[in-house]
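> Hey, dropping start-v5.txt in here, compact mmCIF, C-alpha atoms:
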# COMPACT_ATOMS: atom_id res chain seq x y z
CA MET E 24 70.91 11.30 115.71
CA ASN E 25 72.97 8.68 113.86
CA ALA E 26 75.66 6.87 115.77
CA ALA E 27 79.17 7.45 114.43
CA ILE E 28 79.75 3.69 114.46
CA GLU E 29 77.00 1.13 114.81
CA VAL E 30 77.91 -2.54 114.74
CA THR E 31 75.07 -5.07 114.97
CA GLY E 32 75.57 -8.81 115.39
CA LEU E 33 78.82 -8.80 113.41
CA SER E 34 80.37 -12.24 112.89
CA TYR E 35 83.33 -12.98 110.65
CA ARG E 36 85.17 -16.14 109.78
CA TYR E 37 88.50 -16.08 107.89
CA HIS E 38 88.89 -18.39 104.91
CA ASP E 39 91.05 -20.76 106.99
CA GLY E 40 88.07 -21.28 109.29
CA THR E 41 89.26 -19.05 112.16
CA GLU E 42 86.26 -17.43 113.80
CA ALA E 43 87.48 -13.86 114.35
CA LEU E 44 84.25 -12.13 115.41
CA ARG E 45 81.16 -13.63 117.00
CA GLY E 46 78.02 -11.50 117.18
CA VAL E 47 79.73 -8.20 118.03
CA SER E 48 77.32 -5.31 118.73
CA PHE E 49 78.02 -1.79 120.00
CA ARG E 50 77.40 1.87 119.21
CA VAL E 51 79.81 4.78 119.37
CA ALA E 52 78.36 8.30 119.53
CA PRO E 53 79.90 11.14 117.49
CA GLY E 54 82.86 12.71 119.30
CA GLU E 55 83.27 9.79 121.70
CA CYS E 56 86.71 8.28 122.34
CA VAL E 57 86.47 4.54 122.97
CA GLY E 58 89.21 2.08 123.88
CA LEU E 59 88.98 -1.36 122.29
CA LEU E 60 90.68 -3.84 124.59
CA GLY E 61 91.35 -7.54 124.57
CA PRO E 62 94.13 -10.10 124.45
CA ASN E 63 96.10 -10.89 121.28
CA GLY E 64 93.90 -12.61 118.72
CA SER E 65 90.67 -11.36 120.28
CA GLY E 66 89.49 -9.80 117.00
CA LYS E 67 90.34 -6.11 117.58
CA SER E 68 92.21 -5.62 114.29
CA THR E 69 89.59 -7.59 112.33
CA LEU E 70 86.88 -5.36 113.78
CA LEU E 71 88.78 -2.21 112.72
CA LEU E 72 89.15 -3.56 109.17
CA HIS E 73 85.38 -4.03 109.04
CA LEU E 74 84.83 -0.35 109.85
CA ASN E 75 86.53 0.48 106.57
CA GLY E 76 84.93 -2.26 104.51
CA LEU E 77 88.28 -3.96 103.99
CA LEU E 78 87.13 -7.53 104.52
CA PRO E 79 85.33 -9.12 101.61
CA GLU E 80 81.63 -9.61 102.07
CA LYS E 81 81.53 -13.30 101.24
CA ALA E 82 80.62 -16.40 103.15
CA GLY E 83 81.58 -16.08 106.81
CA TRP E 84 80.32 -12.49 107.03
CA ASP E 85 77.18 -11.83 109.02
CA GLY E 86 75.63 -8.80 110.74
CA ALA E 87 75.82 -5.12 109.87
CA VAL E 88 78.19 -2.17 110.27
CA ARG E 89 76.88 1.36 109.83
CA ILE E 90 79.05 4.45 109.74
CA LEU E 91 77.16 7.70 110.39
CA GLY E 92 74.02 5.96 109.20
CA HIS E 93 75.58 4.50 106.02
CA ALA E 94 75.73 0.70 105.80
CA VAL E 95 79.19 -0.67 104.99
CA THR E 96 78.46 -2.30 101.62
CA PRO E 97 80.51 -2.45 98.38
CA GLU E 98 78.37 0.37 96.89
CA ASN E 99 79.01 2.65 99.87
CA LEU E 100 82.74 2.06 100.22
CA GLU E 101 83.77 5.46 98.92
CA THR E 102 81.49 7.30 101.38
CA ILE E 103 82.62 5.03 104.22
CA ARG E 104 86.34 5.45 103.55
CA ARG E 105 85.96 9.23 103.37
CA GLN E 106 84.52 9.13 106.89
CA VAL E 107 86.74 6.54 108.54
CA GLY E 108 90.50 7.05 108.78
CA LEU E 109 92.27 3.80 109.62
CA VAL E 110 95.76 3.90 111.12
CA PHE E 111 97.39 0.48 110.71
CA GLN E 112 99.44 -1.34 113.31
CA ASP E 113 102.65 -1.56 111.24
CA PRO E 114 103.66 1.85 109.86
CA ASP E 115 105.59 0.12 107.06
CA ASP E 116 102.31 -1.25 105.71
CA GLN E 117 100.86 2.22 105.54
CA LEU E 118 103.73 4.38 104.33
CA PHE E 119 104.16 3.13 100.79
CA CYS E 120 105.31 6.28 98.99
CA PRO E 121 108.98 7.23 98.60
CA THR E 122 108.71 10.47 100.62
CA ILE E 123 106.52 11.65 103.51
CA ALA E 124 105.06 14.53 101.49
CA GLU E 125 103.91 12.15 98.74
CA ASP E 126 102.49 9.72 101.25
CA VAL E 127 100.52 12.36 103.12
CA ALA E 128 99.24 13.74 99.80
CA PHE E 129 98.07 10.30 98.64
CA GLY E 130 94.68 10.36 100.43
CA PRO E 131 93.67 13.90 99.33
CA GLN E 132 94.71 13.01 95.75
CA GLN E 133 92.42 9.98 95.87
CA LEU E 134 89.63 12.31 97.02
CA GLY E 135 90.06 14.10 93.69
CA LEU E 136 91.09 17.46 95.18
CA SER E 137 92.94 20.09 93.16
CA GLU E 138 96.73 20.20 93.37
CA ALA E 139 96.65 23.34 95.55
CA ALA E 140 94.09 21.83 97.93
CA VAL E 141 96.12 18.60 98.16
CA LYS E 142 99.24 20.60 99.04
CA GLU E 143 97.37 22.67 101.60
CA ARG E 144 95.88 19.59 103.29
CA ALA E 145 99.22 17.78 103.32
CA GLU E 146 101.03 20.76 104.84
CA LYS E 147 98.31 21.21 107.45
CA ALA E 148 98.44 17.51 108.42
CA LEU E 149 102.23 17.56 108.61
CA ALA E 150 102.16 20.66 110.84
CA GLN E 151 99.45 19.10 113.01
CA THR E 152 101.58 16.01 113.62
CA GLY E 153 104.78 17.96 114.25
CA LEU E 154 106.34 16.92 110.94
CA ALA E 155 106.46 20.34 109.25
CA GLY E 156 109.63 20.44 107.14
CA PHE E 157 109.91 16.63 107.05
CA GLY E 158 108.07 16.29 103.73
CA HIS E 159 111.17 15.56 101.64
CA ARG E 160 112.38 12.76 103.94
CA ALA E 161 112.37 9.18 102.64
CA THR E 162 109.76 7.10 104.46
CA HIS E 163 112.17 4.21 105.07
CA HIS E 164 114.70 6.47 106.80
CA LEU E 165 112.38 7.60 109.61
CA SER E 166 112.43 6.57 113.25
CA HIS E 167 109.53 4.48 114.46
CA GLY E 168 107.95 7.47 116.23
CA GLU E 169 108.24 9.61 113.10
CA LYS E 170 106.71 6.81 111.02
CA ARG E 171 103.75 6.65 113.41
CA ARG E 172 103.21 10.39 113.14
CA ALA E 173 103.55 10.26 109.34
CA CYS E 174 100.85 7.54 109.25
CA LEU E 175 98.55 9.70 111.32
CA ALA E 176 99.30 12.71 109.08
CA GLY E 177 98.40 10.63 106.00
CA VAL E 178 95.03 9.80 107.53
CA LEU E 179 94.34 13.30 108.97
CA ALA E 180 94.96 14.80 105.51
CA CYS E 181 91.75 13.03 104.38
CA GLU E 182 89.90 14.86 107.21
CA PRO E 183 87.92 11.83 108.41
CA SER E 184 85.22 12.24 111.06
CA ILE E 185 86.12 8.89 112.64
CA LEU E 186 89.62 7.69 113.50
CA ALA E 187 90.25 3.97 114.00
CA LEU E 188 93.70 3.30 115.41
CA ASP E 189 95.31 -0.12 115.69
CA GLU E 190 97.89 -0.27 118.52
CA PRO E 191 99.01 3.35 118.00
CA THR E 192 101.58 3.39 120.80
CA SER E 193 103.17 -0.06 120.42
CA ASP E 194 106.98 0.08 120.02
CA LEU E 195 107.14 3.78 120.94
CA ASP E 196 109.60 5.08 123.54
CA PRO E 197 108.08 6.97 126.51
CA ARG E 198 108.59 10.37 124.89
CA GLY E 199 107.18 9.19 121.56
CA ARG E 200 104.20 7.72 123.39
CA ARG E 201 103.59 10.93 125.34
CA GLU E 202 103.81 13.03 122.18
CA PHE E 203 101.50 10.69 120.29
CA LYS E 204 98.99 10.75 123.14
CA ALA E 205 99.01 14.58 123.15
CA LEU E 206 98.49 14.51 119.39
CA LEU E 207 95.46 12.24 119.69
CA GLN E 208 94.07 14.38 122.50
CA GLY E 209 94.10 17.38 120.17
CA ILE E 210 92.06 15.66 117.45
CA ALA E 211 88.32 16.28 117.64
CA ALA E 212 87.21 13.24 115.59
CA THR E 213 85.37 10.22 117.02
CA LYS E 214 88.10 7.77 118.04
CA LEU E 215 88.17 4.01 118.41
CA ILE E 216 91.55 2.90 119.73
CA ALA E 217 92.48 -0.79 119.73
CA THR E 218 95.35 -1.12 122.17
CA HIS E 219 97.11 -2.98 124.97
CA ASP E 220 98.26 0.36 126.39
CA LEU E 221 95.73 0.57 129.21
CA GLU E 222 97.20 3.76 130.63
CA LEU E 223 96.56 5.43 127.28
CA VAL E 224 92.94 4.27 127.47
CA VAL E 225 92.57 5.72 130.98
CA GLU E 226 94.09 9.01 129.83
CA LEU E 227 92.20 9.40 126.56
CA CYS E 228 89.00 7.42 126.57
CA SER E 229 85.78 7.77 128.49
CA ARG E 230 84.54 4.32 127.58
CA ALA E 231 86.06 0.90 126.89
CA ILE E 232 84.91 -2.21 125.08
CA VAL E 233 86.55 -5.52 125.94
CA LEU E 234 86.70 -8.20 123.24
CA ASP E 235 87.71 -11.79 123.85
CA HIS E 236 87.50 -14.71 121.44
CA GLY E 237 85.74 -12.40 118.98
CA ALA E 238 82.88 -11.42 121.30
CA VAL E 239 82.17 -8.30 123.38
CA VAL E 240 82.56 -9.34 127.02
CA ALA E 241 82.28 -5.89 128.60
CA ASP E 242 81.32 -2.38 127.55
CA GLY E 243 81.24 0.56 129.96
CA PRO E 244 83.02 3.51 131.55
CA VAL E 245 86.82 3.13 131.52
CA THR E 246 87.45 3.50 135.25
CA GLU E 247 84.69 1.05 136.13
CA LEU E 248 85.89 -1.63 133.70
CA LEU E 249 89.60 -1.24 134.23
CA ASN E 250 89.21 -1.25 138.02
CA ASP E 251 87.43 -4.61 137.84
CA GLU E 252 90.45 -6.80 138.57
CA ALA E 253 88.57 -10.08 138.05
CA LEU E 254 87.32 -8.98 134.61
CA MET E 255 90.76 -7.75 133.59
CA LEU E 256 92.54 -10.96 134.59
CA ALA E 257 89.88 -13.18 133.05
CA HIS E 258 90.53 -11.59 129.64
CA GLY E 259 94.31 -11.42 129.55
CA LEU E 260 94.50 -7.82 130.82
CA GLU E 261 95.41 -6.22 134.12
CA ARG E 262 94.45 -3.21 136.17
CA PRO E 263 96.70 -0.36 134.99
CA HIS E 264 99.15 1.21 137.45
CA ILE E 265 97.65 4.61 136.90
CA LEU E 266 94.41 3.36 138.55
CA ARG E 267 96.14 1.36 141.29
CA HIS E 268 98.14 4.32 142.58
CA LYS E 269 95.83 7.18 141.79
CA HIS E 270 96.12 9.92 144.38
CA PRO E 271 92.93 9.95 146.52
CA HIS E 272 92.56 13.72 146.06
CA GLY E 273 93.75 13.89 142.48
CA MET K 93 125.20 -5.35 106.21
CA ILE K 94 122.98 -6.12 103.24
CA ASP K 95 121.56 -2.59 103.35
CA ASP K 96 124.98 -1.35 102.21
CA TRP K 97 124.45 -3.13 98.92
CA VAL K 98 121.02 -1.73 98.18
CA GLY K 99 121.15 1.55 100.12
CA HIS K 100 122.04 4.87 98.54
CA TYR K 101 124.53 7.51 99.51
CA HIS K 102 122.56 10.50 98.30
CA SER K 103 120.80 10.83 101.63
CA ARG K 104 124.08 11.02 103.51
CA ARG K 105 126.22 13.33 101.38
CA GLU K 106 125.12 16.65 99.93
CA SER K 107 127.19 17.82 96.95
CA VAL K 108 127.13 19.98 93.82
CA VAL K 109 126.11 16.94 91.78
CA SER K 110 123.29 15.90 94.12
CA ARG K 111 121.82 19.41 93.89
CA LEU K 112 121.64 19.35 90.06
CA PRO K 113 118.14 18.79 88.59
CA ALA K 114 117.28 15.09 88.33
CA GLY K 115 116.09 15.48 84.73
CA LEU K 116 119.44 16.92 83.63
CA LYS K 117 121.41 14.14 85.31
CA LEU K 118 119.22 11.40 83.88
CA GLY K 119 119.35 12.97 80.40
CA VAL K 120 123.14 13.27 80.42
CA ALA K 121 123.49 9.73 81.80
CA LEU K 122 121.21 8.35 79.09
CA GLY K 123 123.26 10.20 76.45
CA MET K 124 126.52 8.82 77.86
CA ILE K 125 125.18 5.26 77.95
CA VAL K 126 123.68 5.31 74.45
CA GLY K 127 126.85 6.97 73.08
CA THR K 128 129.07 4.36 74.74
CA VAL K 129 126.97 1.43 73.56
CA LEU K 130 126.99 2.74 69.97
CA ALA K 131 130.66 3.78 69.92
CA PRO K 132 132.85 1.60 67.65
CA PRO K 133 135.59 -0.50 69.34
CA GLY K 134 138.34 1.86 68.13
CA ALA K 135 136.83 5.10 69.48
CA ILE K 136 139.44 5.47 72.22
CA GLY K 137 138.81 9.23 72.41
CA TRP K 138 135.17 8.69 73.40
CA TYR K 139 136.03 6.14 76.10
CA VAL K 140 138.75 8.35 77.57
CA SER K 141 136.49 11.41 77.60
CA MET K 142 133.72 9.39 79.29
CA ALA K 143 136.22 8.20 81.91
CA VAL K 144 137.31 11.82 82.53
CA VAL K 145 133.69 13.02 82.85
CA LEU K 146 132.92 10.16 85.25
CA GLY K 147 136.10 10.82 87.27
CA LEU K 148 135.22 14.51 87.63
CA THR K 149 131.61 13.74 88.57
CA VAL K 150 132.73 11.26 91.22
CA ALA K 151 135.16 13.82 92.67
CA LEU K 152 132.45 16.51 92.75
CA SER K 153 129.75 14.18 94.05
CA ARG K 154 131.84 13.08 97.07
CA VAL K 155 130.58 9.51 96.69
CA PRO K 156 133.27 7.33 98.34
CA VAL K 157 135.43 5.63 95.70
CA LEU K 158 135.58 2.41 97.69
CA PHE K 159 131.79 2.27 97.76
CA LEU K 160 131.69 2.77 93.97
CA LEU K 161 134.19 -0.01 93.39
CA LYS K 162 132.30 -2.36 95.71
CA ARG K 163 129.05 -1.66 93.91
CA LEU K 164 130.79 -2.10 90.55
CA ALA K 165 132.21 -5.45 91.69
CA TRP K 166 128.72 -6.50 92.75
CA LEU K 167 127.15 -5.61 89.41
CA SER K 168 129.97 -6.44 86.98
CA PRO K 169 130.03 -10.26 87.00
CA PHE K 170 126.89 -10.43 84.85
CA VAL K 171 128.42 -8.36 82.04
CA LEU K 172 132.04 -9.35 82.56
CA GLY K 173 130.93 -12.99 82.42
CA VAL K 174 129.77 -12.34 78.87
CA ALA K 175 133.12 -10.68 78.07
CA LEU K 176 134.94 -13.73 79.49
CA VAL K 177 132.92 -16.17 77.42
CA ASN K 178 133.62 -13.94 74.44
CA ALA K 179 137.37 -13.95 75.19
CA LEU K 180 137.41 -17.76 75.31
CA GLN K 181 135.84 -18.10 71.86
CA PRO K 182 138.61 -18.16 69.25
CA ALA K 183 136.36 -16.77 66.48
CA ALA K 184 135.33 -13.64 68.37
CA ARG K 185 138.62 -12.96 70.11
CA GLY K 186 139.49 -9.28 70.29
CA GLY K 187 136.05 -7.86 71.17
CA TRP K 188 136.09 -8.66 74.89
CA GLU K 189 138.15 -5.64 75.97
CA THR K 190 135.57 -3.36 74.37
CA VAL K 191 132.73 -5.19 76.14
CA ALA K 192 134.51 -4.81 79.48
CA VAL K 193 135.25 -1.09 78.96
CA LYS K 194 131.72 -0.34 77.73
CA SER K 195 130.09 -2.21 80.61
CA THR K 196 132.30 -0.50 83.20
CA ILE K 197 131.49 2.99 81.83
CA CYS K 198 127.76 2.27 81.65
CA LEU K 199 127.58 0.70 85.12
CA LEU K 200 129.61 3.51 86.71
CA THR K 201 127.33 6.08 85.09
CA VAL K 202 124.25 4.34 86.49
CA ILE K 203 125.80 3.92 89.94
CA VAL K 204 126.91 7.57 90.15
CA VAL K 205 123.52 8.91 88.98
CA SER K 206 121.50 6.61 91.24
CA ASN K 207 123.60 7.61 94.22
CA THR K 208 123.38 11.34 93.64
CA THR K 209 119.68 11.53 92.68
CA PRO K 210 116.91 10.92 95.19
CA PHE K 211 114.60 8.17 93.99
CA SER K 212 111.59 10.49 94.22
CA GLY K 213 113.46 12.75 91.72
CA VAL K 214 113.84 9.84 89.29
CA LEU K 215 110.12 9.05 89.60
CA HIS K 216 109.29 12.70 89.01
CA VAL K 217 111.31 12.69 85.78
CA LEU K 218 109.57 9.48 84.65
CA ARG K 219 106.21 11.12 85.36
CA GLU K 220 107.24 14.19 83.33
CA ALA K 221 108.35 11.87 80.51
CA ARG K 222 104.77 10.47 80.54
CA VAL K 223 105.73 6.95 81.49
CA PRO K 224 102.44 5.08 82.28
CA GLY K 225 101.25 5.72 85.86
CA LEU K 226 100.84 2.04 86.69
CA LEU K 227 104.47 1.35 85.79
CA ILE K 228 105.65 4.29 87.96
CA THR K 229 103.52 3.07 90.90
CA THR K 230 104.99 -0.42 90.50
CA ILE K 231 108.57 0.91 90.43
CA ALA K 232 107.88 3.18 93.43
CA LEU K 233 106.40 0.33 95.49
CA MET K 234 109.24 -1.99 94.50
CA HIS K 235 111.83 0.54 95.64
CA ARG K 236 109.94 1.30 98.85
CA TYR K 237 109.55 -2.33 99.92
CA LEU K 238 112.96 -3.52 98.78
CA PHE K 239 114.34 -2.02 102.01
CA VAL K 240 111.61 -3.54 104.17
CA LEU K 241 112.26 -6.96 102.61
CA VAL K 242 116.02 -6.64 103.01
CA GLU K 243 115.59 -5.66 106.67
CA GLU K 244 113.20 -8.57 107.18
CA ALA K 245 115.66 -10.98 105.55
CA GLU K 246 118.44 -9.58 107.72
CA ARG K 247 116.38 -10.04 110.90
CA MET K 248 115.56 -13.61 109.90
CA ARG K 249 119.24 -14.27 109.09
CA ARG K 250 120.29 -12.99 112.51
CA ALA K 251 117.57 -14.97 114.29
CA ARG K 252 118.67 -18.08 112.42
CA ALA K 253 122.36 -17.41 113.10
CA SER K 254 121.75 -16.96 116.83
CA ARG K 255 120.39 -20.50 117.02
CA THR K 256 122.79 -22.12 114.58
CA PHE K 257 125.32 -23.97 116.66
CA ARG K 258 126.97 -26.20 114.10
CA ARG K 259 128.17 -25.15 110.72
CA GLY K 260 127.18 -27.71 108.15
CA ARG K 261 126.89 -26.83 104.50
CA GLY K 262 123.81 -29.02 103.96
CA ALA K 263 122.01 -27.54 106.96
CA ARG K 264 122.92 -24.06 105.79
CA TRP K 265 121.29 -24.60 102.39
CA GLN K 266 118.27 -26.13 104.05
CA THR K 267 117.75 -23.18 106.40
CA LEU K 268 118.42 -20.74 103.56
CA SER K 269 115.65 -22.31 101.54
CA THR K 270 113.33 -22.04 104.58
CA VAL K 271 114.22 -18.34 104.96
CA VAL K 272 113.59 -17.66 101.27
CA GLY K 273 110.24 -19.46 101.47
CA GLN K 274 109.26 -17.58 104.61
CA LEU K 275 110.30 -14.30 103.05
CA PHE K 276 108.08 -15.02 100.07
CA VAL K 277 105.09 -15.80 102.31
CA ARG K 278 105.69 -12.73 104.48
CA ALA K 279 106.11 -10.51 101.41
CA SER K 280 102.80 -11.66 99.95
CA GLU K 281 101.03 -11.15 103.29
CA ARG K 282 102.54 -7.69 103.55
CA ALA K 283 101.41 -6.93 100.01
CA GLU K 284 97.83 -7.68 101.11
CA ARG K 285 98.14 -5.36 104.11
CA ILE K 286 99.63 -2.57 101.97
CA TYR K 287 96.77 -2.96 99.52
CA ASP K 288 94.29 -2.68 102.43
CA ALA K 289 96.06 0.45 103.69
CA MET K 290 95.90 1.96 100.19
CA CYS K 291 92.18 1.13 99.90
CA ALA K 292 91.56 2.65 103.34
CA ARG K 293 92.79 5.95 101.93
CA GLY K 294 90.60 5.81 98.87
CA TRP K 295 92.74 3.89 96.30
CA LYS K 296 90.51 2.76 93.44
What is this file in structure tokens?

Amino acid sequence: MNAAIEVTGLSYRYHDGTEALRGVSFRVAPGECVGLLGPNGSGKSTLLLHLNGLLPEKAGWDGAVRILGHAVTPENLETIRRQVGLVFQDPDDQLFCPTIAEDVAFGPQQLGLSEAAVKERAEKALAQTGLAGFGHRATHHLSHGEKRRACLAGVLACEPSILALDEPTSDLDPRGRREFKALLQGIAATKLIATHDLELVVELCSRAIVLDHGAVVADGPVTELLNDEALMLAHGLERPHILRHKHPHG
Amino acid sequence: MIDDWVGHYHSRRESVVSRLPAGLKLGVALGMIVGTVLAPPGAIGWYVSMAVVLGLTVALSRVPVLFLLKRLAWLSPFVLGVALVNALQPAARGGWETVAVKSTICLLTVIVVSNTTPFSGVLHVLREARVPGLLITTIALMHRYLFVLVEEAERMRRARASRTFRRGRGARWQTLSTVVGQLFVRASERAERIYDAMCARGWK
């Protein structure tokens, strides 16, 4: 069976010489939910961009990324982007249409669906993210939590089998975070979540990958990795409270 | 706040005028503007009737009059400057009142329509009128990111102000130029990220 995501020896250097990824390798099975951890600048966002073929394949690019068996190459981009839904860190980068309805409909329109199918998908995605009836709202007049949900709706409308999320809960208030977590829990797709929200990783993911200085430094079950205080501290992280104070019988 | 200068009122106040179809409003506005531009200087009747129509529309639209006047003051200098230059030229003396009246009517029409019509409605009308798709996308993106840029500029202005302890005109110009430069760099970086986000959802 093909892995949902298969990254082999991936290295990437930005044009200014910054080495963002150094020989990254890992596999994610279909349906798995994996947390991608690491300090700022460790290469998490760069790695997510690679999953969607968004970084030019020029000098400085080495290794291979395969999505459901398809290599990420310029010829395969359409197939790849149909499969991988990428939710960006800054909602303002992603919501570029004047209204939510138009923004959510953008992806399905690009897929070449009929007008009725586009409308149906957009409405379904809006309802799924709790934004039913918000379609007419201007994207720049939303709260941060609403913007996050609208971004997710825009990606869900394309019905991807893999979701790659970049810091999905940053800047959210506790209620917004809780709601967003519940939303993610209800989505069946394979998920790769790059985040500093370690409690979210404990609650949602079964496995975690730790990146530092562009290389994978640990890959294993969430509780095992996040309970390893020495590992956490060595890579700019810390053991989450939820694991420190977990009830012995719960 | 800068947002007051670029923001619209249509989202805050519902009225009879805001509920009218966007196409109708844009059509009537275009007619009024073309008619006013083409009207001869002596057509007092036309100018008065336009003023009455505008007055009624403003009353029905519930757009605050003070806001309208502020916006008019912000936009007028460009056209009124021309009228002033015209007034100071002995050969062309006499035409400047007409220029001022025409510009005021046209600007008020644009301000009232833009503040009672959602921008998505305007884009929809342009699409119906078969304006090229690329141009519509450009206008839509420009409108969308104008607010993001203004907010970014405002945040940078506040951050700069909070660490400005002495008020010197030279220093102020210097920091302003830094802010403008930074804004340009940030805008171009954001443009790249937006393009990536569009590609991620299948933009070709």
> Could you work out which residues of chain E fall inside 8 Å of chain K? Count only C-alpha atoms, and format the result as a PyMOL selection string.
chain E and resi 75+77+101+104-105+108-109+111+115-117+119-122+129-130+133-134+163+178+181
> Counting all atoms listed in the file, which residues have an atom no more than 9 Å from (128.4, 12.8, 93.8) in the file's coordinates? Please list them as a PDB file with C-alpha atoms, keeping the file's coordinate frame.

ATOM      1  CA  TYR K 101     124.530   7.510  99.510  1.00  0.00           C
ATOM      2  CA  HIS K 102     122.560  10.500  98.300  1.00  0.00           C
ATOM      3  CA  ARG K 105     126.220  13.330 101.380  1.00  0.00           C
ATOM      4  CA  GLU K 106     125.120  16.650  99.930  1.00  0.00           C
ATOM      5  CA  SER K 107     127.190  17.820  96.950  1.00  0.00           C
ATOM      6  CA  VAL K 108     127.130  19.980  93.820  1.00  0.00           C
ATOM      7  CA  VAL K 109     126.110  16.940  91.780  1.00  0.00           C
ATOM      8  CA  SER K 110     123.290  15.900  94.120  1.00  0.00           C
ATOM      9  CA  THR K 149     131.610  13.740  88.570  1.00  0.00           C
ATOM     10  CA  VAL K 150     132.730  11.260  91.220  1.00  0.00           C
ATOM     11  CA  ALA K 151     135.160  13.820  92.670  1.00  0.00           C
ATOM     12  CA  LEU K 152     132.450  16.510  92.750  1.00  0.00           C
ATOM     13  CA  SER K 153     129.750  14.180  94.050  1.00  0.00           C
ATOM     14  CA  ARG K 154     131.840  13.080  97.070  1.00  0.00           C
ATOM     15  CA  VAL K 155     130.580   9.510  96.690  1.00  0.00           C
ATOM     16  CA  PRO K 156     133.270   7.330  98.340  1.00  0.00           C
ATOM     17  CA  VAL K 204     126.910   7.570  90.150  1.00  0.00           C
ATOM     18  CA  VAL K 205     123.520   8.910  88.980  1.00  0.00           C
ATOM     19  CA  ASN K 207     123.600   7.610  94.220  1.00  0.00           C
ATOM     20  CA  THR K 208     123.380  11.340  93.640  1.00  0.00           C
ATOM     21  CA  THR K 209     119.680  11.530  92.680  1.00  0.00           C
TER      22      THR K 209
END
> Quick one: what's the axis-aligned box for segment 213-227 of chain K, all listed atoms, 5 Å on every side, centre and edges in Å to one decimal, as JSON?

{"center_x": 107.3, "center_y": 7.8, "center_z": 86.1, "size_x": 23.0, "size_y": 22.8, "size_z": 21.2}
> Atom CA of Leu266 of chain E to atom CA of Asp242 of chain E: how many Å, to one decimal?
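Computed distance, atom CA of Leu266 of chain E to atom CA of Asp242 of chain E, equals 18.0 Å.
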> In the coordinate frame of the file, compute which residues have an atom within 10 Å of (86.8, -2.4, 131.3) when using only C-alpha atoms, and state them as number ranges by chain.
E: 58-61, 221, 224-225, 230-234, 240-252, 254-255, 260-262
> Take the residues from that selection and write them out as a compact mmCIF listing (two decimals), keeping the file's coordinate frame, keeping C-alpha atoms.

# COMPACT_ATOMS: atom_id res chain seq x y z
CA GLY E 58 89.21 2.08 123.88
CA LEU E 59 88.98 -1.36 122.29
CA LEU E 60 90.68 -3.84 124.59
CA GLY E 61 91.35 -7.54 124.57
CA LEU E 221 95.73 0.57 129.21
CA VAL E 224 92.94 4.27 127.47
CA VAL E 225 92.57 5.72 130.98
CA ARG E 230 84.54 4.32 127.58
CA ALA E 231 86.06 0.90 126.89
CA ILE E 232 84.91 -2.21 125.08
CA VAL E 233 86.55 -5.52 125.94
CA LEU E 234 86.70 -8.20 123.24
CA VAL E 240 82.56 -9.34 127.02
CA ALA E 241 82.28 -5.89 128.60
CA ASP E 242 81.32 -2.38 127.55
CA GLY E 243 81.24 0.56 129.96
CA PRO E 244 83.02 3.51 131.55
CA VAL E 245 86.82 3.13 131.52
CA THR E 246 87.45 3.50 135.25
CA GLU E 247 84.69 1.05 136.13
CA LEU E 248 85.89 -1.63 133.70
CA LEU E 249 89.60 -1.24 134.23
CA ASN E 250 89.21 -1.25 138.02
CA ASP E 251 87.43 -4.61 137.84
CA GLU E 252 90.45 -6.80 138.57
CA LEU E 254 87.32 -8.98 134.61
CA MET E 255 90.76 -7.75 133.59
CA LEU E 260 94.50 -7.82 130.82
CA GLU E 261 95.41 -6.22 134.12
CA ARG E 262 94.45 -3.21 136.17
> So how many Å separate atom CA of Leu241 of chain K and atom CA of Leu165 of chain E, to one decimal?
16.2 Å
> Near Lys170 of chain E, within 10 Å and counting all atoms listed in the file, which residues show up once chain neighbours fewer than 4 positions away are dropped, as a PyMOL selection string?
chain E and resi 113-115+117-118+123+162-166+174-176
> Could you give me, as a Markdown table, a per-residue list for segment 190-257 of chain E showing, wherever an atom lies at most 12 Å from an atom of segment 143-161 of chain E, the closest pair of atoms and their distance in Å to one decimal, using all atoms listed in the file and sorting by chain then residue number from low to high?

| residue | atom | partner | partner_atom | distance |
| --- | --- | --- | --- | --- |
| E:Gly199 | CA | E:Gly153 | CA | 11.7 |
| E:Glu202 | CA | E:Thr152 | CA | 9.3 |
| E:Phe203 | CA | E:Thr152 | CA | 8.5 |
| E:Lys204 | CA | E:Thr152 | CA | 11.2 |
| E:Ala205 | CA | E:Thr152 | CA | 10.0 |
| E:Leu206 | CA | E:Thr152 | CA | 6.7 |
| E:Leu207 | CA | E:Thr152 | CA | 9.4 |
| E:Gln208 | CA | E:Thr152 | CA | 11.7 |
| E:Gly209 | CA | E:Gln151 | CA | 9.1 |
| E:Ile210 | CA | E:Gln151 | CA | 9.3 |
> What is the atom CA of Met124 of chain K-atom CA of Ala192 of chain K distance in Å, reported with one decimal?
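Straight-line distance from atom CA of Met124 of chain K to atom CA of Ala192 of chain K works out to 15.9 Å.
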> Of the residues K:Ser269, K:Asn178, K:Thr128, K:Ser280, which is the one nearest to Val193 of chain K, using all atoms listed in the file?
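Of all the options, K:Thr128 lies closest to Val193 of chain K.
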> With segment 40-55 of chain E as the partner and 12 Å as the cut-off, tabulate the residues of segment 104-197 of chain E that qualify, each row holding the nearest pair of atoms and their distance in Å to one decimal, using all atoms listed in the file, sorted by chain and rising number, as CSV.

residue,atom,partner,partner_atom,distance
E:Gln106,CA,E:Pro53,CA,11.7
E:Ser184,CA,E:Pro53,CA,8.4
E:Ile185,CA,E:Pro53,CA,8.2
E:Leu186,CA,E:Gly54,CA,10.2
E:Ala187,CA,E:Val51,CA,11.8
> Residues as selected, C-alpha atoms, written as a short mmCIF file (atom, residue, chain, number, x, y, z; two decimals), in the coordinates of the input, can you do that?

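File written: again.cif
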data_model
loop_
_atom_site.label_atom_id
_atom_site.label_comp_id
_atom_site.auth_asym_id
_atom_site.auth_seq_id
_atom_site.Cartn_x
_atom_site.Cartn_y
_atom_site.Cartn_z
CA GLN E 106 84.52 9.13 106.89
CA SER E 184 85.22 12.24 111.06
CA ILE E 185 86.12 8.89 112.64
CA LEU E 186 89.62 7.69 113.50
CA ALA E 187 90.25 3.97 114.00
#
